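Everything below concerns the one structure shown next.
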Amino acid sequence: MYPFLFKSLSRLPLPVLHALGWLLGWLGFLLSSRYRRKLYVHAEQAGFGRSVARASVAEAGKMVTEMPRLWLGDPVHLEWDGRELIEQAIAEGNGVLFLTPHLGCFEVTAQLVAQEFGDRMPVTVLYRPARQPWLRDIMERARNRPGLATAPTTLAGVKQLIKALKLRQGVGLLPDQVPPEGQGVWAPFFGRDAYTMTLSARLALTGGARVLLIWGERLSWGRGYRVHLRPFRPATAGQLSADPVAAAGEINEAMESLVRECPAQYLWSYDRYKAPAGLSHSARLEAERAQGA
């Protein structure tokens with residue numbers, strides 16, 4: 001039943017899917033006090049008011065309903081802002097590490113890069129496999145397309161990413177994804193310590209890779225998406241701090257700069273400050289108390 005519904009939704013026009021997403025987002029907001037509280041706490045922690053949190057409600061719903069179209073449906077309208085940064089990296093013979101937070105439609109960023117540059121610079125993206133077998137199968141088939149490959153969040157997947165960068169290819173990941181215990185450090189994110197992966201910094205220091213910030217803006221009324229590219233500061237991997245905590249903080253600052261461009265499209269409901277899986281019981285309790293503060 002679910003695969004049939006997913007495929008049926010993929011045939012709908014994007015404006016219709018985004019309208020359904022608007023409805024889905026607000027239903028979740030109105031029906032769950034826990035969801036509302038988390039949304040407000042995270043947005044206000046970052047210095048944004050409740051108006052921004054409420055504006056993000058519809059965007060979170062759209063993120064869910066647009067997925068069938070992006071994975072299985074006809075192509076949607078995509079446009080660039082900063083395409084020349086990739087051209088420059090390729091001309092200089094660099095691999096590219098693309099970093100994006102849970103902002104806008106991160107699915108289209110990899111799709112557009114692969115579509116435009118996959119013949120010259122294939123892209124591998126890190127992903128967490130879905131728990132449901134039917135969805136995992138659809139995800140793997142949809143994301144593996146010409147110029148685009150996927151790497152699971154395993155040791156083998158990390159090795160795949162390192163190999164891609166050494167071959168002067170592209171790699172994409174979300175550095176604000178909370179990693180398992182032992183694979184991150186505590187670093188500030190919007191003024192509050194968050195368990196932050198060290199993988200993004202490790203990859204940035206691999207083979208002289210160029211680091212670029214990227215995010216996919218969801219255009220109004222289902223008109224498509226605009227993919228924004230920004231140079232990373234520090235601009236080169238060699239200038240990134242060798243200290244894991246400091247490097248994680250620098251990357252978090254870069255993610256904050258993207259979120260500030262369009263805070264209404266950030267996924268404020270994401271448990272960015274949660275205790276990672278595998279954390280000791282006492283540390284978990286302390287992190288959970290901080291989460292509820």
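Each chain of the structure tokens is named A, B, ... in the order shown, its residues numbered from 1; ligands are numbered from 1 in display order.
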task = With a distance cut-off of 6 Å and only C-alpha atoms, select the neighbouring residues of stretch 207-211 of chain A, excluding the residue or stretch itself and same-chain residues fewer than 4 positions from it, and output the selection as a PyMOL selection string.
result = chain A and resi 94-97+166+232
ask   = So which residues of stretch 208-284 of chain A fall under strand (DSSP E or B) by DSSP, listed as a count of residues only?
value = 17
request  = Looking only at alpha helix (DSSP H) from DSSP on the backbone, list the matching residues of stretch 12-223 of chain A as JSON, numbers by chain.
outcome  = {"A": [14, 15, 16, 17, 18, 19, 20, 21, 22, 23, 24, 25, 26, 27, 28, 29, 30, 31, 33, 34, 35, 36, 37, 38, 39, 40, 41, 42, 43, 44, 45, 50, 51, 52, 53, 54, 55, 56, 57, 58, 59, 60, 61, 62, 63, 64, 65, 67, 68, 69, 70, 71, 72, 84, 85, 86, 87, 88, 89, 90, 91, 106, 107, 108, 109, 110, 111, 112, 113, 114, 115, 116, 117, 133, 134, 135, 136, 137, 138, 139, 140, 141, 142, 143, 155, 156, 157, 158, 159, 160, 161, 162, 163, 164, 165, 166, 199, 200, 201, 202, 203, 204]}
query = If you count only C-alpha atoms, which residues fall within 10 Å of stretch 227-229 of chain A, apart from same-chain ones fewer than 4 positions away, as a PyMOL selection string?
reply = chain A and resi 78-86+98-100+104-106+108-110+112-113+212-218+258
request  = Could you tell me how far atom CA of A:Asn252 lies from atom CA of A:Arg36, in Å and to one decimal?
outcome  =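 Taking atom CA of A:Asn252 and atom CA of A:Arg36, their separation equals 24.5 Å.
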request  = Considering only C-alpha atoms, state which residue in the set A:Gln169, A:Ser257, A:Gln177, A:Thr124 is at the smallest distance from A:Pro152.
outcome  =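 Selected residue with least distance to A:Pro152: A:Thr124.
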inquiry  = Show me, as a list in words, the residues that have an atom within 8 Å of A:Leu39 when counting only C-alpha atoms, minus same-chain residues fewer than 2 positions from it.
reply    =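 Skipping anything fewer than 2 positions along the chain leaves Tyr35, Arg36, Arg37, Val41, His42, Ala43, Ala53, Trp268 and Ser269 of chain A.
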request  = Between A:Ser32, A:Leu267, A:His102, A:Gly249, single out the one closest to A:Gly61, counting only C-alpha atoms.
outcome  = A:Leu267
task = Excluding A:Leu126 and any residue of its chain fewer than 5 positions from it, enumerate the residues within 9 Å of it, using only C-alpha atoms, and give them as a ChimeraX atom specification.
result = /A:149-153,157-158,161,171-174
Kindly save the residues from that selection, with C-alpha atoms included, as a CSV table (one decimal), in the first residue's frame.
chain,number,residue,atom,x,y,z
A,149,ALA,CA,26.1,7.8,-5.6
A,150,THR,CA,25.2,7.2,-1.9
A,151,ALA,CA,27.3,6.1,1.1
A,152,PRO,CA,25.7,4.7,4.3
A,153,THR,CA,26.5,6.1,7.7
A,157,GLY,CA,30.5,4.6,3.9
A,158,VAL,CA,33.1,6.9,5.4
A,161,LEU,CA,33.6,9.4,1.0
A,171,VAL,CA,31.0,14.6,-1.4
A,172,GLY,CA,27.9,15.9,0.4
A,173,LEU,CA,26.7,15.6,3.9
A,174,LEU,CA,24.7,17.4,6.7
